[in-house]
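Text of query37.csv (CSV, C-alpha atoms) as supplied:
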```csv
chain,number,residue,atom,x,y,z
A,265,MET,CA,-8.2,-13.6,-25.3
A,266,THR,CA,-6.8,-12.1,-22.2
A,267,LYS,CA,-7.4,-13.5,-18.8
A,268,ALA,CA,-9.4,-10.4,-17.9
A,269,ALA,CA,-11.7,-11.1,-20.9
A,270,LEU,CA,-12.5,-14.7,-19.8
A,271,THR,CA,-16.0,-15.5,-18.6
A,272,LEU,CA,-17.6,-18.6,-17.3
A,273,GLN,CA,-19.0,-19.0,-20.8
A,274,THR,CA,-15.7,-18.5,-22.7
A,275,VAL,CA,-13.1,-20.3,-20.5
A,276,ASN,CA,-11.9,-23.6,-22.0
A,277,THR,CA,-13.3,-26.6,-20.3
A,278,PRO,CA,-12.9,-28.7,-18.3
A,279,ALA,CA,-11.7,-25.9,-15.9
A,280,VAL,CA,-11.1,-26.1,-12.2
A,281,LEU,CA,-12.7,-23.0,-10.6
A,282,VAL,CA,-11.8,-21.6,-7.2
A,283,ASP,CA,-14.2,-19.1,-5.7
A,284,LEU,CA,-12.0,-17.0,-3.5
A,285,ASP,CA,-14.9,-15.4,-1.6
A,286,ILE,CA,-16.0,-18.9,-0.4
A,287,ALA,CA,-12.4,-19.9,0.4
A,288,ARG,CA,-11.9,-16.8,2.5
A,289,ARG,CA,-15.1,-17.5,4.4
A,290,ASN,CA,-13.9,-21.1,5.0
A,291,ILE,CA,-10.5,-19.9,6.3
A,292,ASP,CA,-12.0,-17.3,8.6
A,293,ARG,CA,-14.6,-19.7,10.0
A,294,PHE,CA,-12.0,-22.2,11.3
A,295,GLN,CA,-9.5,-19.5,12.4
A,296,ALA,CA,-12.2,-17.9,14.5
A,297,TYR,CA,-13.0,-21.3,16.1
A,298,ALA,CA,-9.4,-22.0,16.8
A,299,ASP,CA,-8.8,-18.5,18.2
A,300,ALA,CA,-11.8,-18.9,20.5
A,301,HIS,CA,-10.3,-22.1,21.9
A,302,GLY,CA,-6.7,-21.0,22.2
A,303,MET,CA,-5.5,-23.4,19.4
A,304,LYS,CA,-2.9,-22.5,16.8
A,305,VAL,CA,-3.7,-23.2,13.1
A,306,ARG,CA,-1.2,-24.7,10.7
A,307,PRO,CA,-3.1,-25.5,7.5
A,308,HIS,CA,-2.1,-28.2,5.2
A,309,ILE,CA,-1.4,-26.9,1.7
A,310,LYS,CA,-1.9,-30.2,-0.1
A,311,THR,CA,-5.5,-29.2,-0.9
A,312,HIS,CA,-4.7,-26.0,-2.8
A,313,LYS,CA,-0.9,-26.0,-3.5
A,314,LEU,CA,-1.0,-22.3,-4.0
A,315,PRO,CA,1.2,-19.7,-2.2
A,316,ALA,CA,-1.4,-17.0,-2.6
A,317,ILE,CA,-4.0,-19.0,-0.7
A,318,ALA,CA,-1.4,-19.9,2.0
A,319,GLU,CA,-0.8,-16.2,2.4
A,320,MET,CA,-4.6,-15.8,2.9
A,321,GLN,CA,-4.4,-18.4,5.7
A,322,LEU,CA,-1.4,-16.7,7.3
A,323,ARG,CA,-3.1,-13.3,7.2
A,324,ALA,CA,-6.1,-14.8,8.9
A,325,GLY,CA,-3.9,-16.0,11.8
A,326,ALA,CA,-2.2,-19.3,10.8
A,327,ILE,CA,1.2,-19.7,12.4
A,328,GLY,CA,2.7,-21.6,9.4
A,329,VAL,CA,1.9,-24.3,6.9
A,330,THR,CA,2.0,-28.0,6.7
A,331,CYS,CA,3.3,-29.8,3.6
A,332,GLN,CA,3.5,-33.5,2.8
A,333,LYS,CA,6.6,-33.5,0.5
A,334,VAL,CA,9.9,-31.6,0.5
A,335,SER,CA,9.2,-30.4,-3.0
A,336,GLU,CA,5.8,-29.0,-2.0
A,337,ALA,CA,7.5,-27.1,0.8
A,338,GLU,CA,10.2,-25.8,-1.6
A,339,ALA,CA,7.5,-24.5,-4.1
A,340,MET,CA,5.5,-22.8,-1.4
A,341,VAL,CA,8.6,-21.1,0.2
A,342,ALA,CA,9.8,-20.0,-3.2
A,343,GLY,CA,6.4,-18.7,-4.1
A,344,SER,CA,5.9,-16.5,-1.0
A,345,PRO,CA,8.1,-14.5,1.3
A,346,GLN,CA,5.5,-14.8,4.0
A,347,ILE,CA,5.8,-18.6,4.3
A,348,ARG,CA,8.6,-19.0,6.8
A,349,ASP,CA,7.4,-21.8,9.1
A,350,VAL,CA,6.9,-25.2,7.7
A,351,LEU,CA,6.1,-28.6,9.1
A,352,ILE,CA,6.5,-31.6,6.7
A,353,THR,CA,4.3,-34.5,8.0
A,354,TYR,CA,6.0,-37.4,6.3
A,355,ASN,CA,8.9,-39.9,7.0
A,356,ILE,CA,11.7,-38.5,4.8
A,357,LEU,CA,14.2,-41.1,3.4
A,358,GLY,CA,16.9,-40.9,0.8
A,359,ALA,CA,20.0,-38.8,0.1
A,360,SER,CA,18.4,-36.5,-2.5
A,361,LYS,CA,15.4,-35.7,-0.3
A,362,LEU,CA,17.7,-35.0,2.6
A,363,ASP,CA,19.9,-32.7,0.5
A,364,HIS,CA,16.8,-30.7,-0.5
A,365,LEU,CA,15.6,-30.7,3.2
A,366,ALA,CA,18.9,-29.3,4.4
A,367,GLY,CA,18.6,-26.5,1.8
A,368,LEU,CA,15.1,-25.7,2.9
A,369,ALA,CA,16.1,-25.6,6.5
A,370,ARG,CA,18.5,-22.8,5.7
A,371,LYS,CA,15.6,-20.6,4.5
A,372,VAL,CA,12.8,-21.2,7.0
A,373,THR,CA,11.9,-22.5,10.4
A,374,LEU,CA,11.5,-26.2,9.6
A,375,SER,CA,10.1,-29.3,11.4
A,376,VAL,CA,9.6,-32.8,10.2
A,377,VAL,CA,8.2,-36.1,11.7
A,378,ALA,CA,9.5,-39.6,12.2
A,379,ASP,CA,8.0,-42.8,13.5
A,380,ASN,CA,11.0,-45.1,13.3
A,381,GLU,CA,14.7,-45.1,14.1
A,382,MET,CA,15.9,-45.4,10.4
A,383,VAL,CA,14.3,-42.1,9.5
A,384,ILE,CA,15.8,-40.5,12.7
A,385,ASP,CA,19.3,-41.8,11.9
A,386,GLY,CA,19.0,-40.5,8.3
A,387,LEU,CA,18.0,-37.1,9.4
A,388,SER,CA,20.8,-37.0,12.0
A,389,SER,CA,23.4,-38.0,9.6
A,390,LYS,CA,22.5,-35.1,7.3
A,391,PHE,CA,21.9,-32.4,10.0
A,392,VAL,CA,24.9,-33.1,12.2
A,393,SER,CA,26.9,-31.0,9.8
A,394,GLN,CA,24.2,-28.3,9.3
A,395,PRO,CA,24.4,-24.9,11.1
A,396,THR,CA,21.0,-25.3,12.8
A,397,PRO,CA,19.6,-28.5,14.3
A,398,LEU,CA,16.4,-29.9,12.8
A,399,SER,CA,13.2,-30.2,14.9
A,400,VAL,CA,11.7,-33.7,14.7
A,401,LEU,CA,8.3,-34.6,16.0
A,402,VAL,CA,7.2,-38.2,16.8
A,403,GLU,CA,4.3,-39.3,14.6
A,404,CYS,CA,1.7,-41.2,16.6
A,405,ASN,CA,-1.1,-43.5,15.5
A,406,THR,CA,-4.2,-42.5,17.3
A,407,GLY,CA,-6.6,-44.7,15.3
A,408,ALA,CA,-6.2,-43.9,11.6
A,409,ASP,CA,-3.8,-46.9,11.3
A,410,ARG,CA,-1.5,-45.2,8.7
A,411,CYS,CA,1.9,-44.1,9.9
A,412,GLY,CA,2.7,-43.5,13.6
A,413,VAL,CA,4.1,-45.3,16.6
A,414,PRO,CA,1.4,-47.5,18.2
A,415,THR,CA,1.6,-46.6,21.9
A,416,PRO,CA,2.5,-43.6,24.2
A,417,GLU,CA,5.3,-45.7,25.5
A,418,ALA,CA,6.8,-46.1,22.0
A,419,ALA,CA,6.4,-42.3,21.4
A,420,ALA,CA,8.3,-41.7,24.6
A,421,ALA,CA,11.1,-44.0,23.6
A,422,LEU,CA,11.4,-42.4,20.2
A,423,SER,CA,11.5,-39.0,21.7
A,424,GLN,CA,14.5,-39.9,23.7
A,425,ARG,CA,16.2,-41.2,20.6
A,426,ILE,CA,15.6,-37.9,18.8
A,427,ALA,CA,16.7,-35.9,21.9
A,428,VAL,CA,20.2,-37.5,21.9
A,429,ALA,CA,20.6,-37.7,18.1
A,430,PRO,CA,23.3,-35.3,16.8
A,431,GLY,CA,21.9,-32.5,14.6
A,432,LEU,CA,18.3,-33.0,15.9
A,433,VAL,CA,16.1,-31.6,18.6
A,434,PHE,CA,12.8,-33.2,19.8
A,435,GLY,CA,10.0,-31.0,18.5
A,436,GLY,CA,6.9,-32.7,20.0
A,437,LEU,CA,4.1,-35.1,18.9
A,438,MET,CA,2.1,-35.3,15.7
A,439,THR,CA,-1.0,-37.3,14.7
A,440,TYR,CA,-3.5,-37.6,11.9
A,441,PRO,CA,-6.5,-39.1,13.7
A,442,PRO,CA,-9.6,-40.6,12.1
A,443,ALA,CA,-12.8,-38.5,12.0
A,444,ASP,CA,-14.3,-38.0,15.4
A,445,GLY,CA,-11.1,-39.2,17.0
A,446,ALA,CA,-10.6,-36.4,19.6
A,447,ALA,CA,-11.1,-38.6,22.6
A,448,ALA,CA,-8.4,-41.0,21.4
A,449,VAL,CA,-6.0,-38.1,20.7
A,450,GLU,CA,-6.6,-36.7,24.1
A,451,ALA,CA,-5.9,-40.0,25.8
A,452,PHE,CA,-2.8,-41.0,23.8
A,453,MET,CA,-1.2,-37.6,23.8
A,454,THR,CA,-1.8,-36.9,27.5
A,455,ARG,CA,-0.2,-40.2,28.4
A,456,ALA,CA,2.7,-39.7,25.9
A,457,LYS,CA,3.4,-36.2,27.1
A,458,ALA,CA,3.5,-37.2,30.7
A,459,LEU,CA,6.0,-40.0,30.0
A,460,ILE,CA,8.3,-37.8,27.9
A,461,GLU,CA,8.3,-35.0,30.5
A,462,ALA,CA,9.0,-37.5,33.2
A,463,ALA,CA,12.2,-38.3,31.3
A,464,GLY,CA,13.1,-34.6,31.5
A,465,ILE,CA,12.3,-33.7,27.9
A,466,ALA,CA,9.9,-30.8,27.1
A,467,VAL,CA,7.0,-31.3,24.6
A,468,PRO,CA,6.7,-28.0,22.9
A,469,VAL,CA,4.1,-28.9,20.3
A,470,ILE,CA,1.3,-31.4,20.0
A,471,THR,CA,-0.2,-31.2,16.5
A,472,SER,CA,-3.4,-32.9,15.3
A,473,GLY,CA,-5.4,-32.5,12.1
A,474,GLY,CA,-8.2,-33.4,9.8
A,475,THR,CA,-11.0,-31.4,8.3
A,476,PRO,CA,-14.0,-33.7,9.0
A,477,SER,CA,-13.6,-33.2,12.8
A,478,MET,CA,-12.1,-29.7,12.9
A,479,MET,CA,-15.1,-28.0,14.5
A,480,THR,CA,-14.7,-30.4,17.5
A,481,ALA,CA,-10.9,-30.1,17.7
A,482,ALA,CA,-11.2,-28.4,21.1
A,483,GLU,CA,-12.4,-31.7,22.5
A,484,ALA,CA,-8.7,-32.7,22.6
A,485,PRO,CA,-7.3,-29.7,24.5
A,486,VAL,CA,-3.9,-31.4,24.9
A,487,ALA,CA,-3.3,-30.5,21.2
A,488,THR,CA,-1.6,-27.1,20.8
A,489,GLU,CA,-2.2,-26.8,17.0
A,490,TYR,CA,-4.5,-28.1,14.3
A,491,ARG,CA,-3.8,-28.9,10.6
A,492,PRO,CA,-6.9,-28.7,8.5
A,493,GLY,CA,-6.5,-29.1,4.8
A,494,THR,CA,-9.6,-29.7,2.7
A,495,TYR,CA,-11.5,-27.1,4.7
A,496,VAL,CA,-10.3,-24.3,2.5
A,497,TYR,CA,-12.3,-25.7,-0.5
A,498,ASN,CA,-14.5,-28.4,0.9
A,499,ASP,CA,-15.9,-31.1,-1.4
A,500,ARG,CA,-18.7,-33.6,-1.8
A,501,SER,CA,-17.3,-36.1,0.7
A,502,LEU,CA,-17.5,-33.4,3.4
A,503,VAL,CA,-21.0,-32.3,2.4
A,504,SER,CA,-22.0,-36.0,2.7
A,505,ARG,CA,-20.6,-36.0,6.3
A,506,GLY,CA,-22.6,-32.9,7.2
A,507,VAL,CA,-19.5,-30.9,7.7
A,508,CYS,CA,-20.5,-28.2,5.2
A,509,SER,CA,-23.0,-27.3,2.6
A,510,TRP,CA,-22.8,-26.9,-1.2
A,511,ASP,CA,-22.5,-23.2,-0.7
A,512,ASP,CA,-19.3,-23.8,1.3
A,513,CYS,CA,-17.6,-25.6,-1.7
A,514,ALA,CA,-15.0,-23.2,-3.1
A,515,LEU,CA,-13.6,-25.6,-5.7
A,516,THR,CA,-15.8,-26.7,-8.6
A,517,VAL,CA,-15.1,-28.3,-12.0
A,518,LEU,CA,-16.7,-26.4,-15.0
A,519,ALA,CA,-17.6,-28.9,-17.7
A,520,THR,CA,-19.3,-28.8,-21.1
A,521,VAL,CA,-21.9,-31.2,-22.3
A,522,VAL,CA,-20.5,-32.7,-25.5
A,523,SER,CA,-23.1,-35.3,-26.3
A,524,VAL,CA,-26.7,-36.1,-25.4
A,525,PRO,CA,-27.1,-39.5,-26.9
A,526,SER,CA,-30.4,-40.4,-25.2
A,527,PRO,CA,-33.2,-38.6,-23.2
A,528,ASN,CA,-31.8,-39.6,-19.8
A,529,ARG,CA,-28.0,-39.6,-20.6
A,530,ALA,CA,-25.4,-36.9,-21.4
A,531,ILE,CA,-21.6,-36.8,-21.7
A,532,ILE,CA,-19.4,-34.1,-20.4
A,533,ASP,CA,-15.8,-33.3,-21.2
A,534,ALA,CA,-14.5,-34.0,-17.6
A,535,GLY,CA,-13.4,-37.5,-16.9
A,536,SER,CA,-11.1,-39.3,-14.5
A,537,LYS,CA,-8.2,-36.9,-15.4
A,538,THR,CA,-10.2,-34.0,-14.0
A,539,LEU,CA,-12.8,-35.3,-11.5
A,540,THR,CA,-10.6,-38.2,-10.3
A,541,SER,CA,-11.7,-41.8,-9.6
A,542,ASP,CA,-11.8,-41.3,-5.8
A,543,LEU,CA,-15.1,-42.4,-4.4
A,544,LEU,CA,-14.4,-42.0,-0.6
A,545,GLY,CA,-17.4,-44.3,0.1
A,546,LEU,CA,-19.7,-42.4,-2.2
A,547,SER,CA,-21.8,-43.5,-5.2
A,548,GLY,CA,-20.8,-41.6,-8.3
A,549,TYR,CA,-18.1,-39.1,-9.1
A,550,GLY,CA,-19.3,-35.7,-8.1
A,551,HIS,CA,-22.4,-33.5,-7.6
A,552,VAL,CA,-23.8,-31.4,-10.4
A,553,LEU,CA,-24.8,-28.1,-8.7
A,554,GLY,CA,-28.5,-27.4,-9.1
A,555,ARG,CA,-29.3,-30.8,-10.5
A,556,ASP,CA,-29.9,-33.2,-7.6
A,557,ASP,CA,-31.5,-35.7,-10.1
A,558,ILE,CA,-28.3,-36.2,-12.0
A,559,ALA,CA,-25.7,-38.8,-11.1
A,560,ILE,CA,-22.2,-39.0,-12.6
A,561,ASP,CA,-22.1,-42.8,-12.8
A,562,GLN,CA,-19.1,-43.5,-15.0
A,563,LEU,CA,-15.8,-41.9,-15.9
A,564,SER,CA,-13.3,-42.7,-18.6
A,565,GLU,CA,-10.2,-40.6,-19.0
A,566,GLU,CA,-11.8,-37.6,-20.8
A,567,HIS,CA,-15.5,-38.5,-20.6
A,568,GLY,CA,-18.0,-38.3,-17.7
A,569,ARG,CA,-21.4,-39.9,-18.0
A,570,LEU,CA,-24.4,-38.2,-16.5
A,571,VAL,CA,-27.6,-40.1,-16.0
A,572,SER,CA,-31.0,-39.2,-14.6
A,573,GLN,CA,-34.2,-41.2,-13.9
A,574,MET,CA,-36.1,-38.4,-15.5
A,575,PRO,CA,-35.5,-36.6,-18.8
A,576,ILE,CA,-32.0,-35.1,-18.4
A,577,ASN,CA,-33.0,-31.8,-20.1
A,578,LEU,CA,-29.5,-30.9,-21.2
A,579,LYS,CA,-28.2,-30.0,-24.7
A,580,VAL,CA,-24.8,-30.0,-26.3
A,581,GLY,CA,-22.9,-26.9,-25.3
A,582,ASP,CA,-24.5,-26.6,-21.8
A,583,ARG,CA,-22.1,-25.8,-19.0
A,584,LEU,CA,-22.3,-27.4,-15.6
A,585,ARG,CA,-20.4,-26.8,-12.3
A,586,ILE,CA,-19.5,-30.0,-10.4
A,587,VAL,CA,-18.4,-30.4,-6.8
A,588,PRO,CA,-15.9,-33.3,-6.9
A,589,ASN,CA,-15.8,-36.0,-4.4
A,590,HIS,CA,-12.2,-35.1,-3.3
A,591,ALA,CA,-10.9,-31.6,-4.0
A,592,CYS,CA,-7.3,-32.3,-3.0
A,593,VAL,CA,-6.7,-34.7,-5.9
A,594,VAL,CA,-8.4,-32.5,-8.4
A,595,THR,CA,-5.9,-29.7,-7.6
A,596,ASN,CA,-3.0,-32.0,-8.2
A,597,MET,CA,-4.2,-32.9,-11.7
A,598,VAL,CA,-4.2,-29.5,-13.3
A,599,ASP,CA,-1.5,-27.0,-14.1
A,600,ALA,CA,-3.7,-24.0,-13.3
A,601,VAL,CA,-6.9,-23.0,-11.6
A,602,THR,CA,-9.3,-20.3,-12.7
A,603,ILE,CA,-10.0,-17.8,-9.9
A,604,VAL,CA,-13.5,-16.5,-9.4
A,605,GLU,CA,-14.4,-13.4,-7.3
A,606,GLN,CA,-17.8,-11.9,-6.9
A,607,GLY,CA,-19.1,-14.3,-9.6
A,608,GLU,CA,-16.6,-13.3,-12.2
A,609,ILE,CA,-13.2,-14.7,-13.4
A,610,SER,CA,-10.5,-12.5,-12.0
A,611,ALA,CA,-7.3,-14.5,-12.7
A,612,VAL,CA,-5.7,-17.8,-13.7
A,613,TRP,CA,-3.2,-19.1,-11.1
A,614,PRO,CA,-0.6,-21.8,-11.8
A,615,VAL,CA,-0.7,-24.6,-9.2
A,616,ALA,CA,2.8,-24.1,-7.9
A,617,ALA,CA,3.3,-27.2,-5.9
A,618,ARG,CA,1.7,-29.9,-8.1
A,619,GLY,CA,3.4,-32.8,-9.8
A,620,ARG,CA,6.7,-32.7,-7.8
A,621,ILE,CA,8.5,-35.9,-6.9
A,622,VAL,CA,11.2,-34.9,-4.3
```
Could you take the file, read its structure, and then write that structure out as structure tokens?
Amino acid sequence: MTKAALTLQTVNTPAVLVDLDIARRNIDRFQAYADAHGMKVRPHIKTHKLPAIAEMQLRAGAIGVTCQKVSEAEAMVAGSPQIRDVLITYNILGASKLDHLAGLARKVTLSVVADNEMVIDGLSSKFVSQPTPLSVLVECNTGADRCGVPTPEAAAALSQRIAVAPGLVFGGLMTYPPADGAAAVEAFMTRAKALIEAAGIAVPVITSGGTPSMMTAAEAPVATEYRPGTYVYNDRSLVSRGVCSWDDCALTVLATVVSVPSPNRAIIDAGSKTLTSDLLGLSGYGHVLGRDDIAIDQLSEEHGRLVSQMPINLKVGDRLRIVPNHACVVTNMVDAVTIVEQGEISAVWPVAARGRIV
């Protein structure tokens, strides 16, 4: 059967579906918000890992893309001639990764981040011999307590280390704040920027991110660009936060009922290898569209258990569409996604940047 002949009733399940009409609407919505507030958009591709969707984001007005791994960036650049400005928001260590990074820097405008001197020294040792210096931003902790220097003073000190490191140029400041963290971003970055500029160093970029708070990003006007990721698809975690509705969820998992062993229990062919075990503070492992009474209360690797307090009213062979708790992980667990446009399957796209370890 050709891809063109596939329908939602004939495609093999479990299948990860991406509704491009919804994805376009999501992209355009945030781009319009950012444009209205004079903010540049640099979407994170970790959610979709697809060059074609990155191109949609660029056509809408994005200035470039964000990646989390060197290999992700390589796959995206190889997959699209339009992707020519990349920020990798991760401390990069190790000879092999630095070799790949140098190769990538010869193809595109490239920036990376660092929050410690060891990473800076490694980048410098590699790029001192490269034809173009590498732009390095200081990653700052504005409350998420993951990576990042802890204070504006530490950010200023590290900026000076980058500015004098052979082969590097200081590119600015980067943060990944917690939800509703705009006030902390504004305070931290304003102070850090003033300290750095007082030392005679320009701060060309201040980049923030995070889908949950993207529609309040303008509350931190010190930031020059924003890096939303999950917004392109949305998921159950974002619906639960009130960020979007089920109609805004572009990625769903199509699953088939394979057993109905009791009146209030059914089993589907999507387990933890498709829906993921991520809970993100939620109860259950996804939302069955059109069936608010059903909970997905258990997953094994290839089985999902559906339960209802009422008769479940499902039969073997029924197909269900499920909004996962966390869309980004689902993308990384499949080789291809099934593209839906105007309610019909239009293509099957390989997930270009999944499963890469560099």
Between atom CA of A:Cys411 and atom CA of A:Gly473, what is the distance in Å, rounded to a tenth? 13.9 Å
If I take atom CA of A:Thr454 and atom CA of A:Met382, how far is one from the other in Å, to one decimal?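 According to the coordinates, atom CA of A:Thr454 and atom CA of A:Met382 are separated by 26.0 Å.
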Please compute the atom CA of A:Glu566-atom CA of A:Ser509 distance, one decimal, in Å. 27.9 Å
Which residue out of A:Ala534, A:Leu459, A:Leu437, A:Leu314 has the minimum interatomic distance to A:Val486 when all atoms listed in the file are used? A:Leu437
Just want the 12 Å neighbourhood of A:Cys331, counted on only C-alpha atoms, with same-chain residues fewer than 4 positions away dropped. Output as a PyMOL selection string. chain A and resi 306-315+318+335-341+347+349-354+374-377+491-493+617-618
